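The structure appears right after this line, and notes come after that.
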Amino acid sequence: MTFSNLDIIVFVGYCFLILFLGLFVSREKKGHQKDSKDYFLASKALPWWAVGASLIASNISAEQFIGMSGSGFAMGLAISTYEWMAAATLVIVGIFFLPIFLKKQIYTMPQFLEQRYDARVRTIMAIFWLLVYVFVNLTSVLYLGALSIETIMGIPMQTAIIGLAAFAMIYSIYGGLKAVAWTDVVQVAFLVGGGLATTYLALELVGDGSPWDGFTRLRREVPSHFHMIFDKGQFSIPDGQGGFRDAYLDLPGISLLIGGMWIVNLNYWGCNQYITQRALAAKNLNEAQKGVIFAGFLKLLMPLIVVIPGIAAFAIIQNEAGSGDFTTAMTDSATGFVKSDKAYPSLLNLLPQGLQGLAFAALTAAIVSSLASMANSTSTIFTMDIYKNFFNKNPKEVTLVRVGRIVALVAFVVAAVTAPALRTLDQVFQYIQEFTGLVSPGIFTIFVFGFFWPKGTANGAFWVAVLTLPLSFGFKLLTPELPFIDRMGVVFILTSLVMMGVSYFDNRHEFKLDNATIKRASIHFFIMLVLALGMLVAKNMGLDFYSAPGKTLVHLLAFEGFVFLITLLKPLKAFEKGIHYDKELFKTSAKFKVGAFSIALILVILYTVFW
């Protein structure tokens with residue numbers, strides 16, 4: 001890419017604007033010294049539009065612009081399910097999760113776990129999150145960002161990694177969440193505006209001057225890339241080694257709507273520190289809830305920005321038939337194969353001068369905002385959950401802020417050293433999903449039972465935390481043919497059984513069944529028996545349990561099994577830290593309800609059109 005003077009002015013102007021704003025909002029009034037509430041929760045003063053913008057800026061990063069565009073190139077619109085189902089998930093989080101978190105007045109997710117369970121659960125989950133944030137999230141965003149800069153500008157990857165890390169560190173380490181959240185408002189404007197410009201011009205290129213004709217041509221020439229739900233064996237994608245594998249392993253059909261994808265999204269948007277930290281920093285619950293609705297509408301827009309360009313790149317490659325400038329640009333020098341994750345950076349090279357700076361600023365905004373958010377949340381968890389509990393139980397506020405800054409710096413350095421190791425992967429987005437999925441089922445189990453089952457005990461949560469990784473790795477090794485999203489569903493069921501079993505063991509001396517409980521349990525057992533017999537008959541008639549009807553039966557049986565067990569365990573006494581709610585807690589405003597209904601209606605239309 002050759003920047004014109006206008007491109008340079010746009011990009012440099014963006015950089016100075018972010019740095020100036022970040023440092024400006026980080027100032028403190030004369031006589032006031034920044035404390036932990038200022039640094040980690042932005043003084044709890046964020047309005048709804050800042051909450052929503054910061055949620056999206058934290059979420060949309062190189063893994064979306066580069067990784068999801070790469071997956072769009074490889075498998076098409078189906079990858080949009082992560083974005084569109086996230087919109088529905090944000091509605092659920094706004095109704096059921098945020099009221100609980102804000103009522104507890106917490107700084108971190110592990111802090112909630114100690115309030116609900118005990119210090120053991122808090123510590124082990126804090127360590128989990130620290131490892132995932134540094135070695136998966138920060139590392140992958142730095143790598144994908146550096147890959148794009150290397151492809152676009154020709155700057156060596158290690159140099160690009162250092163540059164991106166330094167840019168994010170300058171304002172985020174000093175200012176904390178306040179600097180991150182307020183700069184995110186500007187970052188979102190750049191990433192949406194620049195992203196839409198890139199999509200417009202990509203479609204214009206495919207459509208010989210008309211974006212609408214470009215979209216129509218894409219649907220006509222690559223119809224395989226416009227399906228949301230895959231059947232087993234329907235579609236093959238590159239494996240990064242010159243071969244192909246079944247796309248069903250990444251996006252296993254109907255499971256996306258009724259299975260493990262809910263675990264992915266609810267865990268990410270409802271139990272994830274660097275996401276929920278924005279809502280915790282809101283002025284009040286109403287502002288936090290309006291913020292997640294705003295973020296939900298932005299998520300509906302994201303596939304247009306990050307997936308459609310990847311499909312356009314695929315169409316260009318198809319038209320070049322193996323030889324052409326674009327094919328050369330997308331070919332990885334190390335492996336000699338066309339690399340899916342090079343779709344978006346290569347596409348930027350085709351933009352006309354004058355818009356390259358805006359598109360590059362959008363990409364950089366996505367990368368830097370996510371890096372800053374992840375580093376800030378890493379420092380928050382270490383400072384509030386590890387340092388304050390084990391190294392200095394009564395620290396001064398200035399000490400907490402200093403430790404937070406040091407930890408953020410260390411996290412950046414470790415991620416920068418680790419990032420180049422990801423070069424061998426074809427689709428880093430899928431790497432992120434699979435490896436965060438190793439811990440997601442257990443984390444979600446601990447939270448969902450902590451929220452809604454007051455009889456779940458600390459021992460139950462502790463053993464779920466301990467067994468999550470062994471179970472996930474075990475199923476990954478024993479069932480490599482099982483899609484990782486389905487594997488997450490299986491591990492969630494098993495960890496739920498662990499939670500219920502250990503909680504029962506803790507209460508075994510007081511466990512007694514009355515006649516009403518036995519009657520209800522018998523009804524659910526009968527339903528389970530009918531479903532099991534029906535599945536046996538269907539299997540003998542040739543039903544494939546990987547098909548939509550087969551999966552539906554499996555999910556119904558699993559659901560009935562859950563209800564059966566919970567019914568049996570109803571006589572257990574509530575754990576002393578179990579949460580009991582007033583229904584008033586989950587009431588929402590009229591504006592929230594209208595927004596939630598609108599998101600649901602749009603999703604129904606989208607899935608109807610692109611099923």
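Following the order of the structure tokens, chains are lettered A, B, ..., residues in each are numbered from 1, and ligands are numbered from 1.
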
Which residues come within 8 Å of stretch 124-126 of chain A, counting only C-alpha atoms, excluding same-chain residues fewer than 2 positions away, as a JSON list (two decimals) with C-alpha atoms, in the first residue's frame?
```json
[["chain", "number", "residue", "atom", "x", "y", "z"],
["A", 110, "PRO", "CA", -13.60, -13.31, 40.46],
["A", 120, "ARG", "CA", -10.71, -20.81, 46.40],
["A", 121, "VAL", "CA", -13.08, -20.35, 43.46],
["A", 122, "ARG", "CA", -12.11, -16.70, 43.15],
["A", 128, "PHE", "CA", -7.65, -18.97, 34.42],
["A", 129, "TRP", "CA", -8.64, -15.54, 33.14],
["A", 130, "LEU", "CA", -5.14, -14.12, 33.45],
["A", 381, "ILE", "CA", -7.94, -8.99, 37.97],
["A", 382, "PHE", "CA", -4.33, -9.36, 39.10],
["A", 385, "ASP", "CA", -7.94, -10.61, 43.07],
["A", 386, "ILE", "CA", -4.31, -11.71, 43.41],
["A", 443, "ILE", "CA", -16.86, -20.79, 33.78],
["A", 465, "ALA", "CA", -13.14, -25.12, 38.10],
["A", 466, "VAL", "CA", -10.58, -27.87, 38.70]]
```

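Note that DSSP on the backbone gives strand (DSSP E or B) to these residues of stretch 237-404 of chain A: A:Ile237, A:Pro238, A:Phe244, A:Arg245, A:Asp246, A:Ala282, A:Thr331, A:Val338.
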
Stretch 8-13 of chain A surroundings by only C-alpha atoms, 8 Å radius, close-in-sequence under 6 positions cut, as a ChimeraX atom specification: /A:357-358,360-361

Take the residues that were just selected and, keeping C-alpha atoms, output them as a short mmCIF file (atom, residue, chain, number, x, y, z; two decimals), in the first residue's frame.
```cif
data_model
loop_
_atom_site.label_atom_id
_atom_site.label_comp_id
_atom_site.auth_asym_id
_atom_site.auth_seq_id
_atom_site.Cartn_x
_atom_site.Cartn_y
_atom_site.Cartn_z
CA GLY A 357 -5.72 6.15 5.53
CA LEU A 358 -9.30 6.01 6.85
CA PHE A 360 -6.14 1.72 8.03
CA ALA A 361 -7.16 4.01 10.90
#
```

Select, from A:Met68, A:Leu90, A:Val180, A:Met330, the residue with the minimum atom-to-atom distance to A:Leu23, counting only C-alpha atoms. A:Val180

Proximity of stretch 373-462 of chain A to stretch 264-283 of chain A: per-residue shortest pair, 7 Å limit, only C-alpha atoms, as CSV:
```
residue,atom,partner,partner_atom,distance
A:Ser373,CA,A:Tyr274,CA,6.1
A:Met374,CA,A:Tyr274,CA,5.8
A:Ser377,CA,A:Tyr274,CA,5.0
A:Ser440,CA,A:Asn267,CA,6.2
A:Phe444,CA,A:Asn267,CA,5.4
```

Keeping only N, CA and C atoms, write the selected residues to a file as a PDB file, in the first residue's frame.
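Here's the written file part.pdb:
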```
ATOM      1  N   SER A 373      -8.140  -2.521  26.281  1.00  0.00           N
ATOM      2  CA  SER A 373      -9.172  -3.095  27.146  1.00  0.00           C
ATOM      3  C   SER A 373      -8.697  -4.371  27.820  1.00  0.00           C
ATOM      4  N   MET A 374      -8.073  -5.252  27.041  1.00  0.00           N
ATOM      5  CA  MET A 374      -7.612  -6.531  27.593  1.00  0.00           C
ATOM      6  C   MET A 374      -6.516  -6.330  28.634  1.00  0.00           C
ATOM      7  N   SER A 377      -8.077  -4.957  31.874  1.00  0.00           N
ATOM      8  CA  SER A 377      -8.805  -5.974  32.637  1.00  0.00           C
ATOM      9  C   SER A 377      -7.855  -6.997  33.249  1.00  0.00           C
ATOM     10  N   SER A 440     -14.485 -22.092  28.782  1.00  0.00           N
ATOM     11  CA  SER A 440     -15.808 -21.456  28.788  1.00  0.00           C
ATOM     12  C   SER A 440     -16.908 -22.290  29.429  1.00  0.00           C
ATOM     13  N   PHE A 444     -18.990 -20.840  32.623  1.00  0.00           N
ATOM     14  CA  PHE A 444     -20.418 -20.571  32.486  1.00  0.00           C
ATOM     15  C   PHE A 444     -21.224 -21.378  33.496  1.00  0.00           C
TER      16      PHE A 444
END
```

Would you list the contacts of A:Ala372 as a ChimeraX atom specification, taking every protein, DNA or RNA residue within 7 Å and counting only C-alpha atoms, but skipping same-chain residues closer than 3 positions in sequence? /A:168-169,172,180,368-369,375-376

Let me see the file: selected residues, N, CA, C and O atoms, as a PDB file, in the first residue's frame.
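Output below, filename selection.pdb:
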```
ATOM      1  N   ALA A 168      -0.889   1.389  22.264  1.00  0.00           N
ATOM      2  CA  ALA A 168      -1.937   1.109  23.244  1.00  0.00           C
ATOM      3  C   ALA A 168      -1.482   1.431  24.662  1.00  0.00           C
ATOM      4  O   ALA A 168      -2.272   1.880  25.502  1.00  0.00           O
ATOM      5  N   MET A 169      -0.197   1.216  24.946  1.00  0.00           N
ATOM      6  CA  MET A 169       0.307   1.418  26.302  1.00  0.00           C
ATOM      7  C   MET A 169       0.371   2.886  26.699  1.00  0.00           C
ATOM      8  O   MET A 169       0.145   3.238  27.858  1.00  0.00           O
ATOM      9  N   SER A 172      -3.318   3.963  27.777  1.00  0.00           N
ATOM     10  CA  SER A 172      -4.134   3.075  28.608  1.00  0.00           C
ATOM     11  C   SER A 172      -3.482   2.764  29.945  1.00  0.00           C
ATOM     12  O   SER A 172      -4.171   2.661  30.969  1.00  0.00           O
ATOM     13  N   VAL A 180      -9.420   4.343  28.467  1.00  0.00           N
ATOM     14  CA  VAL A 180      -9.810   3.322  27.499  1.00  0.00           C
ATOM     15  C   VAL A 180     -11.244   3.548  27.032  1.00  0.00           C
ATOM     16  O   VAL A 180     -11.534   3.546  25.827  1.00  0.00           O
ATOM     17  N   VAL A 368      -6.072  -1.400  18.605  1.00  0.00           N
ATOM     18  CA  VAL A 368      -5.564  -0.690  19.780  1.00  0.00           C
ATOM     19  C   VAL A 368      -6.591  -0.665  20.902  1.00  0.00           C
ATOM     20  O   VAL A 368      -6.255  -0.839  22.087  1.00  0.00           O
ATOM     21  N   SER A 369      -7.872  -0.449  20.561  1.00  0.00           N
ATOM     22  CA  SER A 369      -8.898  -0.392  21.615  1.00  0.00           C
ATOM     23  C   SER A 369      -9.020  -1.724  22.334  1.00  0.00           C
ATOM     24  O   SER A 369      -9.177  -1.774  23.560  1.00  0.00           O
ATOM     25  N   ALA A 375      -5.593  -5.421  28.339  1.00  0.00           N
ATOM     26  CA  ALA A 375      -4.513  -5.165  29.297  1.00  0.00           C
ATOM     27  C   ALA A 375      -5.057  -4.558  30.587  1.00  0.00           C
ATOM     28  O   ALA A 375      -4.626  -4.919  31.691  1.00  0.00           O
ATOM     29  N   ASN A 376      -6.033  -3.648  30.462  1.00  0.00           N
ATOM     30  CA  ASN A 376      -6.614  -3.034  31.653  1.00  0.00           C
ATOM     31  C   ASN A 376      -7.347  -4.055  32.512  1.00  0.00           C
ATOM     32  O   ASN A 376      -7.238  -4.052  33.740  1.00  0.00           O
TER      33      ASN A 376
END
```

I need the residues of stretch 19-260 of chain A that end up classed as alpha helix (DSSP H) by DSSP on the backbone, written out as a PyMOL selection string. chain A and resi 19-25+36-41+48-59+62+69-75+81-92+98-104+109-116+119-132+139-153+157-175+177-206+211-221+255-258+260
